[in-house]
file entry-v2.cif (mmCIF, N, CA and C atoms)
data_final
#
loop_
_atom_site.group_PDB
_atom_site.id
_atom_site.type_symbol
_atom_site.label_atom_id
_atom_site.label_comp_id
_atom_site.auth_asym_id
_atom_site.auth_seq_id
_atom_site.Cartn_x
_atom_site.Cartn_y
_atom_site.Cartn_z
ATOM 1 N N MET A 1 45.445 153.548 115.794
ATOM 2 C CA MET A 1 44.136 153.446 116.397
ATOM 3 C C MET A 1 43.226 154.504 115.793
ATOM 4 N N GLN A 2 42.001 154.146 115.533
ATOM 5 C CA GLN A 2 41.042 155.082 114.949
ATOM 6 C C GLN A 2 40.496 156.036 116.003
ATOM 7 N N LYS A 3 40.053 157.193 115.558
ATOM 8 C CA LYS A 3 39.399 158.161 116.429
ATOM 9 C C LYS A 3 37.937 158.249 116.040
ATOM 10 N N PHE A 4 37.073 158.362 117.029
ATOM 11 C CA PHE A 4 35.641 158.483 116.808
ATOM 12 C C PHE A 4 35.151 159.743 117.506
ATOM 13 N N THR A 5 34.177 160.383 116.927
ATOM 14 C CA THR A 5 33.635 161.613 117.476
ATOM 15 C C THR A 5 32.205 161.382 117.931
ATOM 16 N N TYR A 6 31.894 161.897 119.110
ATOM 17 C CA TYR A 6 30.557 161.771 119.669
ATOM 18 C C TYR A 6 30.059 163.131 120.123
ATOM 19 N N LYS A 7 28.763 163.315 120.038
ATOM 20 C CA LYS A 7 28.148 164.502 120.606
ATOM 21 C C LYS A 7 27.549 164.061 121.943
ATOM 22 N N MET A 8 27.962 164.739 123.027
ATOM 23 C CA MET A 8 27.521 164.357 124.363
ATOM 24 C C MET A 8 26.895 165.534 125.089
ATOM 25 N N GLU A 9 26.005 165.218 125.998
ATOM 26 C CA GLU A 9 25.463 166.211 126.911
ATOM 27 C C GLU A 9 25.876 165.816 128.318
ATOM 28 N N ILE A 10 26.332 166.787 129.089
ATOM 29 C CA ILE A 10 26.765 166.543 130.457
ATOM 30 C C ILE A 10 25.914 167.391 131.389
ATOM 31 N N THR A 11 25.389 166.759 132.421
ATOM 32 C CA THR A 11 24.613 167.475 133.417
ATOM 33 C C THR A 11 25.562 168.078 134.443
ATOM 34 N N ALA A 12 25.435 169.383 134.656
ATOM 35 C CA ALA A 12 26.297 170.078 135.612
ATOM 36 C C ALA A 12 25.612 171.367 136.033
ATOM 37 N N LYS A 13 26.067 171.900 137.170
ATOM 38 C CA LYS A 13 25.498 173.157 137.669
ATOM 39 C C LYS A 13 25.986 174.354 136.865
ATOM 40 N N THR A 14 27.227 174.264 136.368
ATOM 41 C CA THR A 14 27.805 175.376 135.613
ATOM 42 C C THR A 14 28.555 174.830 134.397
ATOM 43 N N GLU A 15 28.840 175.711 133.473
ATOM 44 C CA GLU A 15 29.627 175.309 132.306
ATOM 45 C C GLU A 15 31.042 174.902 132.722
ATOM 46 N N GLY A 16 31.580 175.578 133.724
ATOM 47 C CA GLY A 16 32.912 175.230 134.216
ATOM 48 C C GLY A 16 32.955 173.812 134.773
ATOM 49 N N GLU A 17 31.926 173.445 135.520
ATOM 50 C CA GLU A 17 31.841 172.084 136.055
ATOM 51 C C GLU A 17 31.727 171.078 134.913
ATOM 52 N N ALA A 18 30.944 171.401 133.902
ATOM 53 C CA ALA A 18 30.799 170.513 132.743
ATOM 54 C C ALA A 18 32.136 170.351 132.019
ATOM 55 N N ASN A 19 32.890 171.428 131.880
ATOM 56 C CA ASN A 19 34.201 171.355 131.236
ATOM 57 C C ASN A 19 35.159 170.475 132.039
ATOM 58 N N THR A 20 35.125 170.604 133.358
ATOM 59 C CA THR A 20 35.969 169.782 134.213
ATOM 60 C C THR A 20 35.615 168.309 134.069
ATOM 61 N N LYS A 21 34.321 168.007 134.047
ATOM 62 C CA LYS A 21 33.876 166.626 133.869
ATOM 63 C C LYS A 21 34.352 166.066 132.529
ATOM 64 N N MET A 22 34.234 166.856 131.474
ATOM 65 C CA MET A 22 34.636 166.386 130.146
ATOM 66 C C MET A 22 36.137 166.136 130.086
ATOM 67 N N LYS A 23 36.918 167.022 130.683
ATOM 68 C CA LYS A 23 38.366 166.821 130.705
ATOM 69 C C LYS A 23 38.724 165.540 131.454
ATOM 70 N N ALA A 24 38.070 165.299 132.585
ATOM 71 C CA ALA A 24 38.328 164.087 133.364
ATOM 72 C C ALA A 24 37.927 162.837 132.593
ATOM 73 N N LEU A 25 36.782 162.879 131.932
ATOM 74 C CA LEU A 25 36.341 161.733 131.130
ATOM 75 C C LEU A 25 37.304 161.445 129.981
ATOM 76 N N THR A 26 37.836 162.497 129.389
ATOM 77 C CA THR A 26 38.795 162.337 128.300
ATOM 78 C C THR A 26 40.067 161.648 128.784
ATOM 79 N N VAL A 27 40.547 162.026 129.968
ATOM 80 C CA VAL A 27 41.740 161.393 130.532
ATOM 81 C C VAL A 27 41.461 159.921 130.833
ATOM 82 N N LEU A 28 40.324 159.636 131.454
ATOM 83 C CA LEU A 28 39.979 158.243 131.758
ATOM 84 C C LEU A 28 39.913 157.409 130.483
ATOM 85 N N ALA A 29 39.289 157.949 129.450
ATOM 86 C CA ALA A 29 39.168 157.218 128.187
ATOM 87 C C ALA A 29 40.529 156.976 127.544
ATOM 88 N N ALA A 30 41.452 157.897 127.734
ATOM 89 C CA ALA A 30 42.775 157.753 127.133
ATOM 90 C C ALA A 30 43.657 156.772 127.907
ATOM 91 N N LYS A 31 43.474 156.688 129.211
ATOM 92 C CA LYS A 31 44.366 155.897 130.055
ATOM 93 C C LYS A 31 43.856 154.492 130.372
ATOM 94 N N LEU A 32 42.539 154.270 130.265
ATOM 95 C CA LEU A 32 41.959 152.967 130.582
ATOM 96 C C LEU A 32 41.424 152.315 129.317
ATOM 97 N N ASN A 33 41.518 150.992 129.245
ATOM 98 C CA ASN A 33 40.956 150.317 128.075
ATOM 99 C C ASN A 33 39.455 150.115 128.280
ATOM 100 N N ASP A 34 38.788 149.583 127.282
ATOM 101 C CA ASP A 34 37.335 149.459 127.345
ATOM 102 C C ASP A 34 36.861 148.572 128.494
ATOM 103 N N LYS A 35 37.565 147.479 128.767
ATOM 104 C CA LYS A 35 37.165 146.585 129.856
ATOM 105 C C LYS A 35 37.337 147.264 131.216
ATOM 106 N N GLU A 36 38.413 148.017 131.370
ATOM 107 C CA GLU A 36 38.655 148.724 132.628
ATOM 108 C C GLU A 36 37.605 149.808 132.858
ATOM 109 N N LEU A 37 37.276 150.550 131.814
ATOM 110 C CA LEU A 37 36.239 151.580 131.930
ATOM 111 C C LEU A 37 34.887 150.970 132.252
ATOM 112 N N ASP A 38 34.572 149.851 131.607
ATOM 113 C CA ASP A 38 33.297 149.187 131.839
ATOM 114 C C ASP A 38 33.205 148.703 133.282
ATOM 115 N N LYS A 39 34.283 148.134 133.804
ATOM 116 C CA LYS A 39 34.305 147.660 135.192
ATOM 117 C C LYS A 39 34.188 148.830 136.159
ATOM 118 N N LEU A 40 34.884 149.922 135.876
ATOM 119 C CA LEU A 40 34.797 151.116 136.716
ATOM 120 C C LEU A 40 33.365 151.638 136.760
ATOM 121 N N ALA A 41 32.725 151.727 135.613
ATOM 122 C CA ALA A 41 31.342 152.196 135.551
ATOM 123 C C ALA A 41 30.410 151.262 136.323
ATOM 124 N N ASP A 42 30.636 149.958 136.195
ATOM 125 C CA ASP A 42 29.805 148.984 136.903
ATOM 126 C C ASP A 42 29.950 149.139 138.411
ATOM 127 N N ILE A 43 31.178 149.321 138.885
ATOM 128 C CA ILE A 43 31.403 149.494 140.321
ATOM 129 C C ILE A 43 30.728 150.765 140.816
ATOM 130 N N ILE A 44 30.878 151.846 140.085
ATOM 131 C CA ILE A 44 30.268 153.111 140.493
ATOM 132 C C ILE A 44 28.745 153.000 140.507
ATOM 133 N N LYS A 45 28.206 152.295 139.552
ATOM 134 C CA LYS A 45 26.749 152.145 139.455
ATOM 135 C C LYS A 45 26.183 151.195 140.500
ATOM 136 N N ASN A 46 26.920 150.108 140.818
ATOM 137 C CA ASN A 46 26.332 149.026 141.601
ATOM 138 C C ASN A 46 26.997 148.723 142.939
ATOM 139 N N ASP A 47 28.097 149.352 143.274
ATOM 140 C CA ASP A 47 28.794 149.020 144.515
ATOM 141 C C ASP A 47 29.122 150.292 145.299
ATOM 142 N N PRO A 48 28.159 150.782 146.072
ATOM 143 C CA PRO A 48 28.377 152.038 146.790
ATOM 144 C C PRO A 48 29.504 151.973 147.821
ATOM 145 N N VAL A 49 29.784 150.802 148.370
ATOM 146 C CA VAL A 49 30.857 150.684 149.355
ATOM 147 C C VAL A 49 32.212 150.935 148.697
ATOM 148 N N LYS A 50 32.465 150.270 147.556
ATOM 149 C CA LYS A 50 33.728 150.480 146.847
ATOM 150 C C LYS A 50 33.830 151.920 146.335
ATOM 151 N N THR A 51 32.702 152.473 145.882
ATOM 152 C CA THR A 51 32.697 153.854 145.406
ATOM 153 C C THR A 51 33.058 154.808 146.533
ATOM 154 N N ALA A 52 32.486 154.598 147.697
ATOM 155 C CA ALA A 52 32.791 155.446 148.859
ATOM 156 C C ALA A 52 34.253 155.312 149.256
ATOM 157 N N MET A 53 34.796 154.083 149.215
ATOM 158 C CA MET A 53 36.199 153.873 149.536
ATOM 159 C C MET A 53 37.098 154.611 148.550
ATOM 160 N N ALA A 54 36.754 154.559 147.278
ATOM 161 C CA ALA A 54 37.551 155.243 146.258
ATOM 162 C C ALA A 54 37.514 156.758 146.461
ATOM 163 N N LYS A 55 36.332 157.283 146.738
ATOM 164 C CA LYS A 55 36.214 158.725 146.985
ATOM 165 C C LYS A 55 37.037 159.131 148.195
ATOM 166 N N SER A 56 36.993 158.318 149.231
ATOM 167 C CA SER A 56 37.762 158.613 150.437
ATOM 168 C C SER A 56 39.264 158.593 150.130
ATOM 169 N N ALA A 57 39.706 157.612 149.373
ATOM 170 C CA ALA A 57 41.117 157.525 149.005
ATOM 171 C C ALA A 57 41.551 158.719 148.150
ATOM 172 N N LEU A 58 40.622 159.249 147.364
ATOM 173 C CA LEU A 58 40.917 160.403 146.509
ATOM 174 C C LEU A 58 40.803 161.722 147.284
ATOM 175 N N GLY A 59 40.258 161.662 148.480
ATOM 176 C CA GLY A 59 40.100 162.867 149.291
ATOM 177 C C GLY A 59 38.928 163.719 148.875
ATOM 178 N N VAL A 60 37.920 163.090 148.299
ATOM 179 C CA VAL A 60 36.724 163.846 147.890
ATOM 180 C C VAL A 60 35.479 163.297 148.552
#
call {"tool": "encode", "arguments": {"input": "entry-v2.cif", "output": "structure tokens"}}
result
Amino acid sequence: MQKFTYKMEITAKTEGEANTKMKALTVLAAKLNDKELDKLADIIKNDPVKTAMAKSALGV
């Protein structure tokens, strides 16, 4: 599989928070395929009920 490099900007209150976000995004990208990531993003963007349920299940 090929590797691609991107320059990204992350909005966060602190650099530590930005680092945590980047690490989490890296794990998601490694573990989910493109269709799964796209569906996850769509749900987070457009379905607040499912998003709230997921956050509750995660304890956040």
call {"tool": "residues_near_point", "arguments": {"input": "entry-v2.cif", "point": "(32.1, 166.6, 129.5)", "cutoff": "10 Å", "atoms": "only C-alpha atoms", "output": "list in words"}}
result
Lys7, Met8, Glu9, Ile10, Thr11, Ala12, Glu15, Gly16, Glu17, Ala18, Asn19, Thr20, Lys21, Met22, Lys23, Ala24, Leu25 and Thr26 of chain A
call {"tool": "atom_distance", "arguments": {"input": "entry-v2.cif", "atom1": "atom CA of Tyr6 of chain A", "atom2": "atom CA of Lys55 of chain A"}}
result
28.1 Å
call {"tool": "atom_distance", "arguments": {"input": "entry-v2.cif", "atom1": "atom C of Val60 of chain A", "atom2": "atom CA of Ile44 of chain A"}}
result
14.0 Å
call {"tool": "atom_distance", "arguments": {"input": "entry-v2.cif", "atom1": "atom CA of Asp42 of chain A", "atom2": "atom CA of Gly59 of chain A"}}
result
21.3 Å
call {"tool": "select_by_dssp", "arguments": {"input": "entry-v2.cif", "residues": "chain A", "states": "helix (DSSP H, G or I)", "output": "ChimeraX atom specification"}}
result
/A:15-31,34-46,48-58
call {"tool": "write_last_selection", "arguments": {"input": "entry-v2.cif", "atoms": "N, CA and C atoms", "output": "tab-separated table (two decimals), in the frame of the given file"}}
result
chain	number	residue	atom	x	y	z
A	15	GLU	N	28.84	175.71	133.47
A	15	GLU	CA	29.63	175.31	132.31
A	15	GLU	C	31.04	174.90	132.72
A	16	GLY	N	31.58	175.58	133.72
A	16	GLY	CA	32.91	175.23	134.22
A	16	GLY	C	32.96	173.81	134.77
A	17	GLU	N	31.93	173.44	135.52
A	17	GLU	CA	31.84	172.08	136.06
A	17	GLU	C	31.73	171.08	134.91
A	18	ALA	N	30.94	171.40	133.90
A	18	ALA	CA	30.80	170.51	132.74
A	18	ALA	C	32.14	170.35	132.02
A	19	ASN	N	32.89	171.43	131.88
A	19	ASN	CA	34.20	171.36	131.24
A	19	ASN	C	35.16	170.48	132.04
A	20	THR	N	35.12	170.60	133.36
A	20	THR	CA	35.97	169.78	134.21
A	20	THR	C	35.62	168.31	134.07
A	21	LYS	N	34.32	168.01	134.05
A	21	LYS	CA	33.88	166.63	133.87
A	21	LYS	C	34.35	166.07	132.53
A	22	MET	N	34.23	166.86	131.47
A	22	MET	CA	34.64	166.39	130.15
A	22	MET	C	36.14	166.14	130.09
A	23	LYS	N	36.92	167.02	130.68
A	23	LYS	CA	38.37	166.82	130.71
A	23	LYS	C	38.72	165.54	131.45
A	24	ALA	N	38.07	165.30	132.58
A	24	ALA	CA	38.33	164.09	133.36
A	24	ALA	C	37.93	162.84	132.59
A	25	LEU	N	36.78	162.88	131.93
A	25	LEU	CA	36.34	161.73	131.13
A	25	LEU	C	37.30	161.44	129.98
A	26	THR	N	37.84	162.50	129.39
A	26	THR	CA	38.80	162.34	128.30
A	26	THR	C	40.07	161.65	128.78
A	27	VAL	N	40.55	162.03	129.97
A	27	VAL	CA	41.74	161.39	130.53
A	27	VAL	C	41.46	159.92	130.83
A	28	LEU	N	40.32	159.64	131.45
A	28	LEU	CA	39.98	158.24	131.76
A	28	LEU	C	39.91	157.41	130.48
A	29	ALA	N	39.29	157.95	129.45
A	29	ALA	CA	39.17	157.22	128.19
A	29	ALA	C	40.53	156.98	127.54
A	30	ALA	N	41.45	157.90	127.73
A	30	ALA	CA	42.78	157.75	127.13
A	30	ALA	C	43.66	156.77	127.91
A	31	LYS	N	43.47	156.69	129.21
A	31	LYS	CA	44.37	155.90	130.06
A	31	LYS	C	43.86	154.49	130.37
A	34	ASP	N	38.79	149.58	127.28
A	34	ASP	CA	37.34	149.46	127.34
A	34	ASP	C	36.86	148.57	128.49
A	35	LYS	N	37.56	147.48	128.77
A	35	LYS	CA	37.16	146.58	129.86
A	35	LYS	C	37.34	147.26	131.22
A	36	GLU	N	38.41	148.02	131.37
A	36	GLU	CA	38.66	148.72	132.63
A	36	GLU	C	37.60	149.81	132.86
A	37	LEU	N	37.28	150.55	131.81
A	37	LEU	CA	36.24	151.58	131.93
A	37	LEU	C	34.89	150.97	132.25
A	38	ASP	N	34.57	149.85	131.61
A	38	ASP	CA	33.30	149.19	131.84
A	38	ASP	C	33.20	148.70	133.28
A	39	LYS	N	34.28	148.13	133.80
A	39	LYS	CA	34.30	147.66	135.19
A	39	LYS	C	34.19	148.83	136.16
A	40	LEU	N	34.88	149.92	135.88
A	40	LEU	CA	34.80	151.12	136.72
A	40	LEU	C	33.36	151.64	136.76
A	41	ALA	N	32.72	151.73	135.61
A	41	ALA	CA	31.34	152.20	135.55
A	41	ALA	C	30.41	151.26	136.32
A	42	ASP	N	30.64	149.96	136.20
A	42	ASP	CA	29.80	148.98	136.90
A	42	ASP	C	29.95	149.14	138.41
A	43	ILE	N	31.18	149.32	138.88
A	43	ILE	CA	31.40	149.49	140.32
A	43	ILE	C	30.73	150.76	140.82
A	44	ILE	N	30.88	151.85	140.08
A	44	ILE	CA	30.27	153.11	140.49
A	44	ILE	C	28.74	153.00	140.51
A	45	LYS	N	28.21	152.29	139.55
A	45	LYS	CA	26.75	152.15	139.46
A	45	LYS	C	26.18	151.20	140.50
A	46	ASN	N	26.92	150.11	140.82
A	46	ASN	CA	26.33	149.03	141.60
A	46	ASN	C	27.00	148.72	142.94
A	48	PRO	N	28.16	150.78	146.07
A	48	PRO	CA	28.38	152.04	146.79
A	48	PRO	C	29.50	151.97	147.82
A	49	VAL	N	29.78	150.80	148.37
A	49	VAL	CA	30.86	150.68	149.35
A	49	VAL	C	32.21	150.94	148.70
A	50	LYS	N	32.47	150.27	147.56
A	50	LYS	CA	33.73	150.48	146.85
A	50	LYS	C	33.83	151.92	146.34
A	51	THR	N	32.70	152.47	145.88
A	51	THR	CA	32.70	153.85	145.41
A	51	THR	C	33.06	154.81	146.53
A	52	ALA	N	32.49	154.60	147.70
A	52	ALA	CA	32.79	155.45	148.86
A	52	ALA	C	34.25	155.31	149.26
A	53	MET	N	34.80	154.08	149.22
A	53	MET	CA	36.20	153.87	149.54
A	53	MET	C	37.10	154.61	148.55
A	54	ALA	N	36.75	154.56	147.28
A	54	ALA	CA	37.55	155.24	146.26
A	54	ALA	C	37.51	156.76	146.46
A	55	LYS	N	36.33	157.28	146.74
A	55	LYS	CA	36.21	158.72	146.99
A	55	LYS	C	37.04	159.13	148.20
A	56	SER	N	36.99	158.32	149.23
A	56	SER	CA	37.76	158.61	150.44
A	56	SER	C	39.26	158.59	150.13
A	57	ALA	N	39.71	157.61	149.37
A	57	ALA	CA	41.12	157.52	149.00
A	57	ALA	C	41.55	158.72	148.15
A	58	LEU	N	40.62	159.25	147.36
A	58	LEU	CA	40.92	160.40	146.51
A	58	LEU	C	40.80	161.72	147.28
call {"tool": "axis_aligned_box", "arguments": {"input": "entry-v2.cif", "around": "segment 44-56 of chain A", "padding_each_side": "3 Å", "output": "JSON"}}
result
{"center_x": 32.7, "center_y": 153.9, "center_z": 144.9, "size_x": 19.1, "size_y": 16.4, "size_z": 17.0}
